[in-house]
Structures are given as C-alpha cells and as structure tokens.
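**Student:** One structure follows; several queries about it will come next.
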Amino acid sequence: MIKTIAAFDGRCAKVCGPARSGKTEALVQRCVTLLGANVAPESIFVEVSTAFAAQAFRRRLRAALGSAHAAADAVVVETALDACVRVLDTPEARTATGRIPRLLTPAEHNFFLEDMKTLGTPIRRLRKMLDRFYEQWSKLVPDDEWMGTEEEVTRDHGLRHLTERGAMLVQEAPRLCADYLKSDAGADARQQYAYVLCDDFQNLTYAEQTCLCLLAETQLIVAGNVNQTIAVRTDWPNPQGFADFDALRHGVEVFALTESFGNKPALCLADALTTHGSMDSSVRMEQATGTEADVVSIKWNTPEDELNGVTKYLRTLLNAEEDVRESRTCVLVPNKRWARLAERILRKRGFEVSCAGATAGIGGDPRDTARAKALVAYTKLNLLANPDDLTAWRSWCGFDHALTNSDAWNFLTEYAAQNGLGLLEALERASREETEPFLRANALTSRYLEGQDYIAQNARRKGFTLMRAIGAEELPEFEDVAAMLEGDEDAVALYRMVRQHAMDAAWPESAHTLHVCGYRSLIGADYDHIFVLGAIDGFMPRRDAFETVSTEEDRTRALDEERRLFYNAVSKAGKLLVISAFTKAPLELAERTKMQVVRVKSENGERMAIVRPSTFLSEAGDACPTTEGGQSILSRYGLN
C-alpha cells in the first residue's frame with residue numbers, strides 16, 4: 001500500500017490508519033518518488049505538527065534518499081503555523097492585511113492580557129471572551145456573524161495594541177493567512193507549492209487546513225488518525241476536517257492502512273484504548289508486524305525510588321547495546337518538575353541530556369524579575385537584536401510592577417495618537433520632557449532610558465560574552481541554545497536561535513543526547529525505547545479529569561484529551577516500552593504537583609498521599625502487562 005501511495009499521481013488523496021501503520025512513511029516515500037522524478041525539492045511542502053516532528057521527518061527522508069540525501073534539506077518541512085507566517089511576511093501581504101506577523105510568545109501574550117485589562121472588563125469574562133475570539137478565528141467564522149458590541153470594543157482595543165507594537169497573536173495568523181490567500185490580493189501567493197503533503201492533518205485548525213489546501217497546486221495528500229488528535233500550538237484542532245476530507249471533495253483517493261509496524265505489545269495496548277471515551281474504535285490495526293519487542297510495567301514505592309530505579313535500569317540497558325544512540329531513547333515525563341528531577345539524576349548516571357521536549361519556553365512572573373530571570377534575559381537579547389521592537393519595549397517597561405505598568409502603557413498609546421507619533425517616538429519624546437507629558441509617564445521613561453543605556457553598552461557583544469551580558473549563561477532555559485553556539489553569533493543571530501527554541505523547540509543534533517520530553521513532543525516522532533515516568537492518576541490523566549468542582553462535561557473532555565495523548569505516546573516505542581508508577585508520595589509534593597490523592601496516611605510521622613496507577617492502564621485490560629515490583633527488576637540486573 002505504501003508503494004501505491006508513493007506512486008500516486010492524482011490530485012487529492014487521504015491516508016488513514018491506526019498508530020504506526022506507515023502514514024508518515026508513505027509521505028516520506030512520496031517525497032522520494034517525486035525527487036527521483038527530478039521534481040524541484042523546494043516545490044514540495046511537508047506539513048508537520050512540531051519542530052521535533054520536522055527533525056524526525058527530515059531524518060527519515062535523508063535515510064530513504066541514501067546518497068541523494070542533500071535534496072532532503074531543500075524540501076520545505078515545517079508546521080502549518082510557520083507556513084502561515086511565511087505567507088504573511090511579504091510586502092504584499094503586509095500591505096493587504098495592515099499587519100506584521102511578529103508572533104507573541106506565551107510570555108509576551110501575558111503582557112497583552114494585562115493591557116487588555118485596562119478596558120475594565122472582569123478578568124474571567126475577558127479570558128472567556130478572548131477564548132471565544134480564538135475559537136471563532138480558528139474556524140474562520142466572520143466577525144459580523146457572532147460579535148456583539150462588547151466583543152467589537154474588545155477586539156478593536158486588542159487590535160490597536162497589537163498593530164501599534166507591530167505584533168500578532170498566534171491565534172490570528174492562520175485566519176489572516178486564509179483570508180489573504182482567498183482574496184484577490186493574495187492570488188499570487190496561492191498554489192505556491194506544486195506538492196503539499198500533510199502529516200497529522202487532524203491536529204490542524206480549520207483555518208490552517210484551509211491554508212494548506214490553498215497552497216497546493218498539483219497535488220494534496222493528507223494523512224492522519226482522529227484518535228491521535230492533539231492540540232499543539234493552537235487549542236482548536238479540527239479532526240472533522242480530516243474525517244470528512246474525502247466527503248467534502250470530489251475525486252479524493254482514500255488509502256486505508258490496517259497493518260501496524262513496531263512494538264506489537266505496545267501497539268495492542270494502544271489499540272485497547274480505542275474502545276473508550278470519544279476514541280474511534282473503527283480505527284484499529286488488523287495485524288501488527290515488528291521486531292522482538294516488549295512492554296514492562298513497574299511499580300515503585302515513592303517518586304525517589306522510581307527516579308533512582310528507572311535511571312539505573314536505563315543505564316544498564318544502554319550499556320548493553322553495541323552501537324548505542326541515546327537519541328533513540330525517550331524519557332517521558334508528566335510535567336516540568338519531573339523533567340528537571342529526571343535530568344538531574346540522568347546526568348549523574350553519565351548521560352548527555354536535553355529537556356527541550358519538556359521544559360522549552362521562556363516564562364516567569366514579570367512582576368518580580370527575581371522570578372523571571374529567563375524572561376528578562378530574553379527581553380534584553382530582543383532589544384539588542386532589534387532596538388525598535390515595541391513588543392520587547394513593552395515587556396521591558398512592565399517588569400517589577402504589580403500591573404506591569406499596563407495603565408501607564410495605555411496612557412502612552414493615547415499620548416502617541418494625540419501627537420501623531422509612533423510609540424517609540426513617544427517614549428523618546430516623553431523621556432526628554434521636564435514634566436510628565438501624560439499620567440505615570442515616568443514609570444515608562446525611566447525604564448526606557450535604562451534600556452537605551454543597556455543597548456549602548458552591549459550592542460557589539462557576541463557569542464558567549466553576549467550570553468553573559470544578558471544574564472543567560474547559567475539559566476536552564478538557554479542551555480540547549482548555548483550548546484549550539486560557535487561563539488561568534490551577534491545579537492540578531494542569537495535572538496533568532498533563542499526565539500525559535502522558545503516558540504517551537506528542536507532537539508540538539510546529536511545521536512548521543514538522551515531526550516526527556518512531554519507527551520505532546522512525541523507527535524510525529526518514534527523511538528526505540530520509551531520510559532514513561534509517573535504513570536499515575538493526576539499526572540496521566542491530569543487532575544482536571546477527576547476534579548469534583550468541574551462539570552461532568554469538563555471532566556470527560558479532559559479525560560478524552562489525555563487518553564489520546566497516552567495512546568499516541570505508547571505506540572511510539574519500537575523496541576521497549578517501560579511504564580513506571582509509584583504508590584505514595586509526601587502529601588505536600590502530591591498537592592503541589594497535582595497528583596490525584598486516593599487517601600492520606602501517616603508514615604513515620606510524615607503525611608503520605610496514596611496514589612494509584614493511571615486509569616488508562618486499567619482501561620487497556622489484558623493488553624496491559626502484569627505489573628512487577630521495582631526491586632524485582634533491579635535484582636534481575638544485579639542493581640540492588
């Protein structure tokens with residue numbers, strides 16, 4: 001079947017099938033066929049869900065091309081969101097939309113929320129309204145079909161702030177791109193790729209799906225599995241767009257894959273979950289083909305026992321391999337805290353480790369820079385790379401204030417409008433005035449002058465000296481980027497690297513780096529060994545699936561989302577899947593990390609929370625292996 005898909009020369013095709021059935025491989029082989037027919041590699045666009053998935057796809061494409069692997073780097077492999085930004089970031093699109101596609105990072109989005117609060121709308125209502133905006137935009141519903149007066153005022157207020165600082169919301173970009181591509185102004189941007197191949201099409205919003213369809217000239221192939229629907233960079237995936245792809249279009253060739261390849265016990269475990277909740281039980285494998293593989297379920301007493309025991313087991317396993325490639329092993333963690341704990345002990349075991357798949361991103365509380373060192377360092381670097389970036393100045397002027405100076409910034413925008421000035425010009429003029437030209441101007445101008453002094457003193461720094469200057473040298477958020485530095489990168493080059501890592505991280509290009517990652521990072525990936533840590537209720541599925549204060553609908557939705565994550569993750573192990581859980585934890589730790597506590601007991605004068613293995617293990621029934629005690633596993637390998 002994969003050979004048939006690779007040779008498909010029709011206009012549209014849909015490739016569907018269960019986990020590990022070869023959907024991505026079919027797209028890889030289609031690329032190989034096209035490149036073998038001398039199709040220009042830059043005319044082929046491959047959509048993936050994340051930068052991790054892009055790396056995995058390119059690796060597979062290079063391997064499939066063999067000696068002709070250089071062509072793999074010229075094929076465009078990126079996310080739908082990146083494709084939308086690329087379309088919007090042309091002079092023609094900027095003119096047509098009146099916007100600059102400079103996307104806000106999550107931390108910058110928080111400043112935007114603070115500025116939205118100046119409307120006086122209660123915060124819960126404001127957040128609910130913005131979520132409504134994002135949902136409708138992702139579905140391409142015209143504003144005039146659902147907005148009332150209050151929504152229009154809120155939209156216009158937000159649009160003013162974004163336009164003035166030359167920024168765009170992540171949730172806006174696909175809608176603006178779709179509207180532009182459908183317009184007369186965007187005619188030349190349509191069908192700019194001869195071949196568009198989409199992996200995990202079900203993860204895209206309707207707006208993103210529309211954009212990709214508009215970008216295809218000769219052929220469009222979409223691949224996916226509704227049971228693997230996972231929200232990645234936007235919160236409104238559209239699995240129905242994949243399910244109905246052939247019903248809504250004429251002449252779509254449907255290829256249904258039914259045989260799965262890889263770790264048969266792991267695939268059977270994943271398959272067993274499809275009979276629960278909102279999963280589509282019809283998307284199941286008819287047979288599984290793979291090499292010798294195994295699934296192991298281990299129970300430990302405490303989190304400390306788990307971390308110590310699993311990492312000993314992992315060290316022993318990899319020591320036994322002749323041509324060990326640590327990058328083919330993934331330690332799957334439930335949250336950032338567990339990622340850092342695992343990273344620390346793995347390093348003690350002698351591993352080179354990257355936590356890019358679990359801790360990437362730059363955040364912190366801007367109201368207290370002592371708790372936002374990474375965000376301050378990122379903002380300093382942004383200012384050095386682009387001293388005219390108003391989004392960076394907005395962040396810089398908001399640090400160490402309870403309301404991030406949102407009121408003062410609002411007064412600045414009014415002052416700038418009254419005087420026909422840009423915001424940076426207004427800041428500059430206000431900083432030279434002897435008296436405050438608008439209310440609370442000094443709160444901004446003092447920060448502005450401090451920032452200008454900083455830029456003047458550090459503008460020429462490069463590489464590691466630049467990392468020290470921004471205060472990032474010892475920060476874990478910059479660790480992966482620091483490992484990639486050659487030492488001569490100026491602020492522009494370093495900022496580009498840091499921003500990419502913060503927005504959509506990628507793994508270090510090293511075969512000997514062990515990957516510690518979260519569940520969403522496994523989309524489009526595959527590993528030889530996967531070690532699942534903390535497979536307990538509250539971690540997987542998250543506690544929202546059990547909260548009694550939530551509605552039944554909310555709990556069901558959370559459980560369904562987590563089940564799809566778990567289904568996708570356990571299917572990715574090619575050789576060995578280890579599912580690890582513990583039975584108890586200190587109550588304070590359990591509450592802080594949101595474990596689902598079954599009961600509390602006193603043990604040696606300490607209050608201990610009793611927890612239970614993940615609900616999904618019981619859902620898998622006979623497909624889940626018998627659980628073995630951790631000490632028994634260690635004893636077998638002489639590790640006690």
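Scheme for the structure tokens: letters A, B, ... for chains in order shown; per-chain residue numbers from 1; ligand numbers from 1 in order shown.
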Could you pull the residues within 9 Å of Leu485 (chain A), counting only C-alpha atoms, minus those fewer than 5 positions along the same chain, as a list in words?

**Tutor:** Gly463, Phe464 and Leu494 of chain A

**Student:** Please produce, as JSON lines, a per-residue contact table for region 483-519 of chain A versus region 354-368 of chain A (criterion: any atom at most 7 Å away, only C-alpha atoms considered), showing the nearest atom pair and its distance in Å to one decimal, sorted by chain then residue number.

**Tutor:**
{"residue": "A:His501", "atom": "CA", "partner": "A:Ala360", "partner_atom": "CA", "distance": 6.8}
{"residue": "A:Ala502", "atom": "CA", "partner": "A:Gly361", "partner_atom": "CA", "distance": 4.2}
{"residue": "A:Met503", "atom": "CA", "partner": "A:Gly361", "partner_atom": "CA", "distance": 6.6}
{"residue": "A:Ala505", "atom": "CA", "partner": "A:Ala356", "partner_atom": "CA", "distance": 6.2}
{"residue": "A:Ala506", "atom": "CA", "partner": "A:Ala356", "partner_atom": "CA", "distance": 6.8}
{"residue": "A:Trp507", "atom": "CA", "partner": "A:Ala356", "partner_atom": "CA", "distance": 6.3}
{"residue": "A:Thr513", "atom": "CA", "partner": "A:Ser354", "partner_atom": "CA", "distance": 6.5}
{"residue": "A:Leu514", "atom": "CA", "partner": "A:Ser354", "partner_atom": "CA", "distance": 6.3}
{"residue": "A:His515", "atom": "CA", "partner": "A:Ser354", "partner_atom": "CA", "distance": 5.4}
{"residue": "A:Val516", "atom": "CA", "partner": "A:Cys355", "partner_atom": "CA", "distance": 4.8}
{"residue": "A:Cys517", "atom": "CA", "partner": "A:Gly357", "partner_atom": "CA", "distance": 4.0}
{"residue": "A:Gly518", "atom": "CA", "partner": "A:Ala358", "partner_atom": "CA", "distance": 4.7}

**Student:** Can you tell me which residues surround Leu559 (chain A) at a distance of at most 10 Å, considering only C-alpha atoms, apart from same-chain residues fewer than 4 positions away, and format the answer as a PyMOL selection string?

**Tutor:** chain A and resi 277-278+540-546+553-555+563-565+615-616

**Student:** For the residues in that selection, give me C-alpha atoms as an mmCIF file, in the first residue's frame.

**Tutor:**
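Generated output (result_19.cif):
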data_model
loop_
_atom_site.group_PDB
_atom_site.id
_atom_site.type_symbol
_atom_site.label_atom_id
_atom_site.label_comp_id
_atom_site.auth_asym_id
_atom_site.auth_seq_id
_atom_site.Cartn_x
_atom_site.Cartn_y
_atom_site.Cartn_z
ATOM 1 C CA GLY A 277 -14.420 7.567 25.607
ATOM 2 C CA SER A 278 -14.584 9.516 22.358
ATOM 3 C CA MET A 540 -1.689 10.988 33.245
ATOM 4 C CA PRO A 541 -4.556 11.688 33.023
ATOM 5 C CA ARG A 542 -4.206 15.134 34.587
ATOM 6 C CA ARG A 543 -6.180 16.024 37.688
ATOM 7 C CA ASP A 544 -8.753 18.007 35.672
ATOM 8 C CA ALA A 545 -10.203 14.634 34.671
ATOM 9 C CA PHE A 546 -11.138 13.965 38.306
ATOM 10 C CA GLU A 553 -18.561 17.593 30.546
ATOM 11 C CA ASP A 554 -15.261 19.225 31.529
ATOM 12 C CA ARG A 555 -14.004 16.050 33.194
ATOM 13 C CA ARG A 563 -6.341 9.370 26.508
ATOM 14 C CA ARG A 564 -5.357 10.483 23.011
ATOM 15 C CA LEU A 565 -2.007 11.703 24.336
ATOM 16 C CA THR A 615 -6.665 4.890 34.711
ATOM 17 C CA PHE A 616 -5.531 4.123 31.174
#

**Student:** Excluding same-chain residues fewer than 2 positions from Cys397 (chain A), what lies within 7 Å of it counting only C-alpha atoms, as a PDB file with C-alpha atoms, in the first residue's frame?

**Tutor:**
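Dumped to out_5.pdb:
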ATOM      1  CA  TRP A 393       9.989  47.541  24.917  1.00  0.00           C
ATOM      2  CA  ARG A 394       6.523  46.757  26.221  1.00  0.00           C
ATOM      3  CA  SER A 395       7.930  43.843  28.213  1.00  0.00           C
ATOM      4  CA  PHE A 399       8.938  44.472  34.771  1.00  0.00           C
ATOM      5  CA  LEU A 444       7.961  54.132  31.490  1.00  0.00           C
ATOM      6  CA  ARG A 447      12.828  52.085  32.143  1.00  0.00           C
ATOM      7  CA  TYR A 448      13.224  53.324  28.583  1.00  0.00           C
TER       8      TYR A 448
END

**Student:** Could you check how far CA of Pro101 (chain A) sits from CA of Gly166 (chain A), in Å to one decimal?

**Tutor:**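 Computed distance, CA of Pro101 (chain A) to CA of Gly166 (chain A), equals 7.8 Å.
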
**Student:** Would you kindly return, as a list in words, each protein, DNA or RNA residue with an atom no farther than 10 Å from any atom of Leu317 (chain A), considering only C-alpha atoms and excluding same-chain residues fewer than 5 positions away?

**Tutor:** Thr311, Lys312, Val324, His529 and Tyr637 of chain A

**Student:** Would you save the residues of that selection, restricted to all heavy atoms, as a tab-separated table (two decimals), in the first residue's frame?

**Tutor:**
chain	number	residue	atom	x	y	z
A	311	THR	N	16.30	5.04	36.22
A	311	THR	CA	17.53	5.52	35.57
A	311	THR	C	18.66	4.50	35.67
A	311	THR	O	19.49	4.41	34.75
A	311	THR	CB	17.97	6.87	36.18
A	311	THR	OG1	18.09	6.74	37.62
A	311	THR	CG2	16.98	7.97	35.86
A	312	LYS	N	18.70	3.71	36.76
A	312	LYS	CA	19.67	2.60	36.83
A	312	LYS	C	19.38	1.57	35.75
A	312	LYS	O	20.28	1.09	35.05
A	312	LYS	CB	19.59	1.92	38.20
A	312	LYS	CG	20.26	2.66	39.34
A	312	LYS	CD	20.14	1.83	40.61
A	312	LYS	CE	20.79	2.53	41.80
A	312	LYS	NZ	20.64	1.73	43.04
A	324	VAL	N	25.36	2.23	20.64
A	324	VAL	CA	24.34	2.94	21.40
A	324	VAL	C	24.13	4.35	20.85
A	324	VAL	O	25.08	5.09	20.60
A	324	VAL	CB	24.71	3.00	22.90
A	324	VAL	CG1	26.03	3.72	23.11
A	324	VAL	CG2	23.60	3.70	23.69
A	529	HIS	N	13.33	3.06	22.49
A	529	HIS	CA	12.95	2.83	23.88
A	529	HIS	C	12.19	4.04	24.42
A	529	HIS	O	12.65	5.18	24.25
A	529	HIS	CB	14.18	2.60	24.76
A	529	HIS	CG	15.21	1.70	24.16
A	529	HIS	ND1	14.97	0.38	23.88
A	529	HIS	CD2	16.49	1.94	23.78
A	529	HIS	CE1	16.06	-0.17	23.36
A	529	HIS	NE2	17.00	0.77	23.27
A	637	TYR	N	18.84	-7.51	37.31
A	637	TYR	CA	20.01	-6.95	36.63
A	637	TYR	C	21.17	-6.71	37.59
A	637	TYR	O	22.17	-6.09	37.23
A	637	TYR	CB	19.63	-5.63	35.95
A	637	TYR	CG	18.76	-5.81	34.73
A	637	TYR	CD1	17.37	-5.79	34.84
A	637	TYR	CD2	19.32	-6.04	33.48
A	637	TYR	CE1	16.56	-5.97	33.72
A	637	TYR	CE2	18.53	-6.23	32.36
A	637	TYR	CZ	17.14	-6.19	32.49
A	637	TYR	OH	16.34	-6.38	31.38

**Student:** For the strand (DSSP E) assignment from backbone DSSP, which residues of region 58-282 of chain A qualify? Please present them as a PyMOL selection string.

**Tutor:** chain A and resi 76-79+193-198+216-224+252-256+259-261

**Student:** Give the alpha helix (DSSP H) residues of region 291-355 of chain A, as DSSP finds them on the backbone, and put them as a ChimeraX atom specification.

**Tutor:** /A:303-319,336-348

**Student:** Identify, on the basis of only C-alpha atoms, every residue whose closest approach to region 371-381 of chain A does not exceed 10 Å; exclude the query and any residue fewer than 4 positions from it along the same chain; express the result as a ChimeraX atom specification.

**Tutor:** /A:107-108,361-367,385-387,391-396,399-400,451,454-455,458-459,466-478,491-492,494-496,498-499,502

**Student:** Kindly export the residues of the current selection with C-alpha atoms, as a CSV table (one decimal), in the first residue's frame.

**Tutor:**
chain,number,residue,atom,x,y,z
A,107,ALA,CA,5.2,35.3,28.0
A,108,GLU,CA,4.6,38.3,25.7
A,361,GLY,CA,9.8,28.0,26.6
A,362,ILE,CA,10.6,31.2,28.4
A,363,GLY,CA,8.3,32.4,31.2
A,364,GLY,CA,8.3,33.6,34.7
A,365,ASP,CA,6.5,36.3,36.7
A,366,PRO,CA,7.3,39.7,35.2
A,367,ARG,CA,6.1,41.4,38.3
A,385,ALA,CA,18.8,42.3,18.3
A,386,ASN,CA,16.1,44.9,17.3
A,387,PRO,CA,16.2,48.1,19.3
A,391,THR,CA,6.9,44.3,21.9
A,392,ALA,CA,10.3,44.0,23.6
A,393,TRP,CA,10.0,47.5,24.9
A,394,ARG,CA,6.5,46.8,26.2
A,395,SER,CA,7.9,43.8,28.2
A,396,TRP,CA,10.9,45.8,29.4
A,399,PHE,CA,8.9,44.5,34.8
A,400,ASP,CA,8.7,44.7,38.6
A,451,GLY,CA,17.1,50.1,28.3
A,454,TYR,CA,22.0,48.9,28.2
A,455,ILE,CA,21.8,48.7,24.4
A,458,ASN,CA,26.3,45.8,25.0
A,459,ALA,CA,25.4,46.2,21.3
A,466,LEU,CA,26.7,38.1,24.8
A,467,MET,CA,25.1,35.3,26.8
A,468,ARG,CA,26.8,36.5,29.9
A,469,ALA,CA,25.8,40.1,29.2
A,470,ILE,CA,22.1,39.2,29.1
A,471,GLY,CA,22.4,37.1,32.2
A,472,ALA,CA,21.6,33.8,30.4
A,473,GLU,CA,24.8,31.9,30.9
A,474,GLU,CA,23.6,29.7,33.8
A,475,LEU,CA,19.9,29.6,33.0
A,476,PRO,CA,18.5,26.1,32.1
A,477,GLU,CA,16.1,27.7,29.5
A,478,PHE,CA,19.2,28.7,27.4
A,491,ALA,CA,22.6,39.5,18.9
A,492,VAL,CA,20.5,39.1,15.7
A,494,LEU,CA,21.5,34.5,18.8
A,495,TYR,CA,18.0,36.0,19.2
A,496,ARG,CA,16.8,34.1,16.2
A,498,VAL,CA,16.6,31.6,21.2
A,499,ARG,CA,13.2,32.7,19.8
A,502,ALA,CA,11.1,29.4,22.8

**Student:** Pick the closest to Trp409 (chain A) from A:Lys117, A:Ile100, A:Thr95, A:Ser550: which is it, counting only C-alpha atoms?

**Tutor:** A:Lys117

**Student:** I'd like the contact shell of region 28-33 of chain A - 8 Å cut-off, only C-alpha atoms, skipping same-chain residues fewer than 6 positions apart - returned as a VMD selection string.

**Tutor:** chain A and resid 2 to 3 5 to 8 44 57 60 to 61 64 to 65
